[in-house]
Every structure is written in structure tokens, then in C-alpha cells.
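Student: As input, take structure16.csv (CSV, C-alpha atoms):
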```
chain,number,residue,atom,x,y,z
A,1044,MET,CA,-50.2,-80.7,-8.7
A,1045,LEU,CA,-49.5,-81.0,-5.0
A,1046,LYS,CA,-47.5,-84.1,-4.0
A,1047,ARG,CA,-49.5,-86.1,-1.5
A,1048,LYS,CA,-47.4,-89.2,-0.7
A,1049,PHE,CA,-44.1,-89.0,1.2
A,1050,PHE,CA,-41.7,-91.3,3.0
A,1051,LYS,CA,-42.7,-90.8,6.6
A,1052,ASN,CA,-39.3,-91.0,8.3
A,1053,LEU,CA,-37.0,-89.8,5.5
A,1054,ILE,CA,-35.0,-87.3,7.6
A,1055,GLN,CA,-34.5,-89.7,10.5
A,1056,THR,CA,-33.4,-92.5,8.1
A,1057,ILE,CA,-30.9,-90.2,6.5
A,1058,SER,CA,-29.6,-89.1,9.9
A,1059,PHE,CA,-29.2,-92.6,11.2
A,1060,PHE,CA,-27.7,-93.9,8.0
A,1061,SER,CA,-25.2,-91.0,7.9
A,1062,ALA,CA,-24.0,-91.8,11.5
A,1063,LEU,CA,-23.7,-95.4,10.5
A,1064,MET,CA,-21.6,-94.5,7.4
A,1065,ILE,CA,-19.2,-92.5,9.6
A,1066,PHE,CA,-18.7,-95.5,11.8
A,1067,GLU,CA,-18.3,-97.7,8.6
A,1068,LEU,CA,-15.6,-95.3,7.4
A,1069,PHE,CA,-13.5,-95.9,10.5
A,1070,LEU,CA,-14.0,-99.7,10.2
A,1071,LEU,CA,-12.7,-99.5,6.6
A,1072,ILE,CA,-9.8,-97.4,7.6
A,1073,GLY,CA,-9.0,-100.1,10.2
A,1074,TYR,CA,-9.3,-102.8,7.6
A,1075,PHE,CA,-6.9,-101.1,5.2
A,1076,ALA,CA,-4.5,-100.4,8.0
A,1077,SER,CA,-4.5,-104.1,9.0
A,1078,LEU,CA,-3.4,-105.1,5.5
A,1079,GLY,CA,0.2,-104.0,6.3
A,1080,TYR,CA,0.5,-106.6,9.1
A,1081,GLU,CA,1.8,-110.1,8.7
A,1082,GLN,CA,-1.1,-111.8,10.7
A,1083,ASN,CA,-4.1,-110.2,9.1
A,1084,PHE,CA,-7.4,-110.3,11.0
A,1085,GLY,CA,-8.8,-107.3,9.1
A,1086,TRP,CA,-11.5,-109.4,7.5
A,1087,ILE,CA,-13.3,-109.4,10.8
A,1088,LEU,CA,-13.8,-105.6,10.4
A,1089,LEU,CA,-15.3,-106.2,7.0
A,1090,ILE,CA,-17.8,-108.7,8.4
A,1091,ILE,CA,-18.7,-106.2,11.2
A,1092,SER,CA,-19.1,-103.5,8.6
A,1093,LEU,CA,-21.4,-105.6,6.4
A,1094,SER,CA,-23.3,-106.8,9.4
A,1095,LEU,CA,-24.1,-103.3,10.6
A,1096,ILE,CA,-25.5,-102.3,7.2
A,1097,VAL,CA,-27.6,-105.4,7.0
A,1098,LEU,CA,-28.9,-104.9,10.6
A,1099,PHE,CA,-29.7,-101.3,9.8
A,1100,PHE,CA,-32.1,-102.4,7.0
A,1101,LEU,CA,-33.5,-105.4,8.9
A,1102,VAL,CA,-34.2,-103.6,12.1
A,1103,GLY,CA,-35.3,-100.4,10.4
A,1104,PHE,CA,-37.3,-101.9,7.5
A,1105,TYR,CA,-40.6,-101.1,9.1
A,1106,TRP,CA,-39.8,-97.4,9.8
A,1107,ILE,CA,-37.7,-96.8,6.6
A,1108,PHE,CA,-40.5,-97.8,4.2
A,1109,GLN,CA,-43.5,-96.3,5.8
A,1110,ILE,CA,-45.4,-94.0,3.4
A,1111,VAL,CA,-47.7,-91.2,4.5
A,1112,SER,CA,-50.5,-89.9,2.4
A,1113,ILE,CA,-52.1,-86.5,3.0
A,1114,ASP,CA,-55.4,-85.7,1.2
A,1115,GLU,CA,-58.7,-83.9,1.8
A,1116,ARG,CA,-60.0,-86.8,4.0
A,1117,GLY,CA,-57.0,-86.9,6.4
A,1118,ILE,CA,-53.7,-88.6,6.9
A,1119,LYS,CA,-53.0,-92.3,6.2
A,1120,ILE,CA,-49.8,-94.2,7.0
A,1121,PHE,CA,-49.0,-97.2,4.8
A,1122,PHE,CA,-46.5,-100.0,5.0
A,1123,VAL,CA,-46.3,-102.3,2.0
A,1124,ASN,CA,-49.7,-101.1,0.7
A,1125,LYS,CA,-51.4,-101.9,4.0
A,1126,THR,CA,-52.9,-99.0,6.1
A,1127,ILE,CA,-51.4,-99.0,9.5
A,1128,GLU,CA,-52.9,-95.8,10.8
A,1129,GLN,CA,-55.5,-93.4,9.6
A,1130,VAL,CA,-56.6,-90.1,11.0
A,1131,LYS,CA,-59.4,-87.8,9.7
A,1132,TRP,CA,-59.0,-84.1,9.9
A,1133,GLU,CA,-61.9,-83.9,12.3
A,1134,GLU,CA,-60.0,-86.2,14.7
A,1135,ILE,CA,-57.0,-83.9,15.0
A,1136,LYS,CA,-56.7,-81.8,18.1
A,1137,SER,CA,-53.4,-80.0,17.3
A,1138,ILE,CA,-50.6,-79.8,14.8
A,1139,GLU,CA,-47.2,-78.5,16.1
A,1140,GLU,CA,-43.5,-78.4,15.4
A,1141,ALA,CA,-41.4,-80.7,17.5
A,1142,THR,CA,-38.0,-82.4,17.7
A,1143,ILE,CA,-38.0,-86.2,17.5
A,1144,MET,CA,-34.7,-87.9,18.1
A,1145,LYS,CA,-33.0,-84.6,17.5
A,1146,ASN,CA,-34.6,-84.2,14.1
A,1147,PRO,CA,-37.2,-81.6,13.1
A,1148,ALA,CA,-40.7,-83.0,13.0
A,1149,ILE,CA,-44.4,-82.2,12.9
A,1150,ARG,CA,-46.3,-83.7,15.9
A,1151,ILE,CA,-50.0,-84.3,15.2
A,1152,LYS,CA,-52.1,-84.9,18.3
A,1153,THR,CA,-55.5,-86.6,18.0
A,1154,ILE,CA,-58.6,-86.3,20.1
A,1155,ASN,CA,-58.1,-89.9,21.4
A,1156,GLY,CA,-54.6,-89.1,22.7
A,1157,THR,CA,-52.4,-90.7,20.0
A,1158,GLU,CA,-49.7,-88.8,18.2
A,1159,ILE,CA,-48.3,-89.0,14.7
A,1160,HIS,CA,-44.8,-87.7,14.0
A,1161,LEU,CA,-44.0,-86.6,10.4
A,1162,ASP,CA,-40.7,-85.2,9.1
A,1163,LYS,CA,-40.7,-81.4,9.0
A,1164,ARG,CA,-40.3,-80.9,5.3
A,1165,LYS,CA,-41.6,-78.2,3.0
A,1166,ASN,CA,-43.8,-80.5,1.0
A,1167,ILE,CA,-45.4,-82.1,4.0
A,1168,ILE,CA,-46.0,-78.7,5.6
A,1169,LYS,CA,-47.6,-77.4,2.4
A,1170,ALA,CA,-49.8,-80.5,2.1
A,1171,ILE,CA,-51.0,-80.2,5.7
A,1172,GLU,CA,-51.7,-76.4,5.3
A,1173,THR,CA,-53.6,-77.1,2.0
A,1174,TYR,CA,-55.9,-79.8,3.4
A,1175,SER,CA,-56.1,-79.0,7.2
A,1176,GLN,CA,-58.2,-76.3,8.8
A,1177,LYS,CA,-55.7,-76.2,11.8
A,1178,GLN,CA,-52.6,-74.1,11.9
A,1179,ILE,CA,-49.2,-75.5,12.6
A,1180,VAL,CA,-48.1,-74.2,16.0
A,1181,LYS,CA,-44.5,-73.0,15.9
A,1182,ASN,CA,-42.2,-74.5,18.7
A,1183,PRO,CA,-44.8,-75.0,21.5
A,1184,ARG,CA,-43.3,-75.2,25.0
```
Do you think you could lay out the structure here as C-alpha cells?

Tutor:
Amino acid sequence: MLKRKFFKNLIQTISFFSALMIFELFLLIGYFASLGYEQNFGWILLIISLSLIVLFFLVGFYWIFQIVSIDERGIKIFFVNKTIEQVKWEEIKSIEEATIMKNPAIRIKTINGTEIHLDKRKNIIKAIETYSQKQIVKNPR
């Protein structure tokens, strides 16, 4: 059975969260280094650290939890079980590889000029190739 539902921005989410965790690591190192001093203001670093994690999920909530569904009718993008975008296969002008925010992606251009960007993952590519009549163009320039 072919998987047809995916997190739309999984690679971008992992990429941004990894960068945030590297920054968090330095904040925690600073906090533990501050414990050796008499006047300790290291708790400020903990507040900054927790605030950054909370901000990541508050600001990114809309993009982190988008689900894309690929089936014989087309591509649908959902957020909290509400359809936010829907494209039928007949409305698609081209499908090509791209780089979005330095992450590998699939760019889907529609007839009306809009674009949909999906993570370039094997399962997504396989689903597109299964249901679409269009070929994925490799690295257009």
C-alpha cells in the first residue's frame, strides 16, 4: 500500500529545529558555566532557552503541522483537518526539483501561476510518480 499522507515541511522543520538545538546547547553551556560564579544570573539563559523553543512552536505551528495528501485526484494540503489548498492533476503545469531555504524540495507549478513546495523525499516522489502523468524535471535552470 502506497502511503499518501505526509507532513508537508518535515525536512525544513528538522533543519530549523536542529539549528535551534545547536544554539540551545551553547545557552546551556553558558548556564552551567555561570553556576561557578558568586553572583549567578544564569537563570536568564534558561529563560531565553525555553522562550526560543516556545517561539519555534508558536511561530512555526502553521507550517510544522501541515499535512499533504497525494491521490488519484490531485494534491491537497490540510491544516487541522481543514483543506487550505487543493490542486488537481490537470491544473499542474510542471513538477521540478528545487531548493527551498537550502533544503531539497519538489516545486509544483500550476496553470494559474501558484506554486506548491513539498519536501523532496522518496515517498513523496513515489506518490507523485504513481498518480501524476507529468515527469519530475531534475534540477531545472

Student: Separation of CA of Ile1168 (chain A) and CA of Ile1127 (chain A), in Å?

Tutor: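 If I compute the distance from CA of Ile1168 (chain A) to CA of Ile1127 (chain A), I get 21.4 Å.
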
Student: With all atoms listed in the file as the basis for distance, which of A:Leu1095, A:Val1123, A:Ile1167, A:Val1130 is at the shortest distance from Phe1108 (chain A)?

Tutor: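 When distances to Phe1108 (chain A) are compared using all atoms listed in the file, the smallest one comes from A:Val1123.
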
Student: Using all atoms listed in the file, which of A:Ile1171, A:Ile1113, A:Leu1161, A:Leu1101 sits nearest Pro1147 (chain A)?

Tutor: A:Leu1161

Student: With all atoms listed in the file as the counted atoms, please give the residues lying no more than 7 Å from region 1139-1145 of chain A, apart from itself and same-chain residues fewer than 3 positions off, as a list in words.

Tutor: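 Listing them by chain and then by number gives Ala1148, Ile1149, Arg1150, Ile1151, Ile1179, Val1180, Lys1181, Asn1182 and Pro1183 of chain A.
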
Student: In Å, with one decimal, what is the gap from CA of Leu1078 (chain A) to CA of Phe1059 (chain A)?

Tutor: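 Rounded to one decimal, the two atoms are 29.2 Å apart.
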
Student: With all atoms listed in the file as the basis for distance, which of A:His1160, A:Lys1136, A:Lys1165, A:Lys1131 is at the shortest distance from Lys1177 (chain A)?

Tutor: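 Distance minimum relative to Lys1177 (chain A) lands on A:Lys1136.
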
Student: So which one's closest to Thr1056 (chain A), A:Gln1082, A:Ser1094, A:Gln1109, A:Ser1077? Using all atoms listed in the file, please.

Tutor: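 The answer is A:Gln1109, which sits nearest to Thr1056 (chain A).
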
Student: Please list as a list in words every residue within 12 Å of Phe1060 (chain A), counting all atoms listed in the file and excluding residues in the same chain fewer than 5 positions away.

Tutor: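 In the requested form, the answer reads Asn1052, Leu1053, Ile1054, Gln1055, Ile1065, Phe1066, Glu1067, Leu1095, Ile1096, Val1097, Leu1098, Phe1099, Phe1100, Gly1103 and Ile1107 of chain A.
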
Student: How many Å lie between CA of Arg1047 (chain A) and CA of Glu1134 (chain A), rounded to one decimal?

Tutor: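 Pair CA of Arg1047 (chain A) / CA of Glu1134 (chain A) returns 19.3 Å.
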
Student: Pick the closest to Val1111 (chain A) from A:Leu1070, A:Gly1085, A:Lys1048, A:Phe1075: which is it, counting all atoms listed in the file?

Tutor: A:Lys1048

Student: Have a look at A:Phe1069, A:Gln1129, A:Gln1176, A:Tyr1080 and name the one nearest to Ile1159 (chain A); count all atoms listed in the file.

Tutor: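 The closest residue to Ile1159 (chain A) is A:Gln1129.
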
Student: Which residues, written as a list of chain:residue names, have at least one atom at most 9 Å from Glu1115 (chain A), with all atoms listed in the file counted and residues fewer than 4 positions away on the same chain left out?

Tutor: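 So the residues in contact are A:Lys1131, A:Trp1132, A:Thr1173, A:Tyr1174, A:Ser1175.
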
Student: Within 7 Å of (-14.2, -103.3, 4.6), all atoms listed in the file: residues as a list in words?

Tutor: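 Neighbouring residues, ordered by chain and number, come to Leu1070, Leu1071, Tyr1074, Leu1088, Leu1089 and Ser1092 of chain A.
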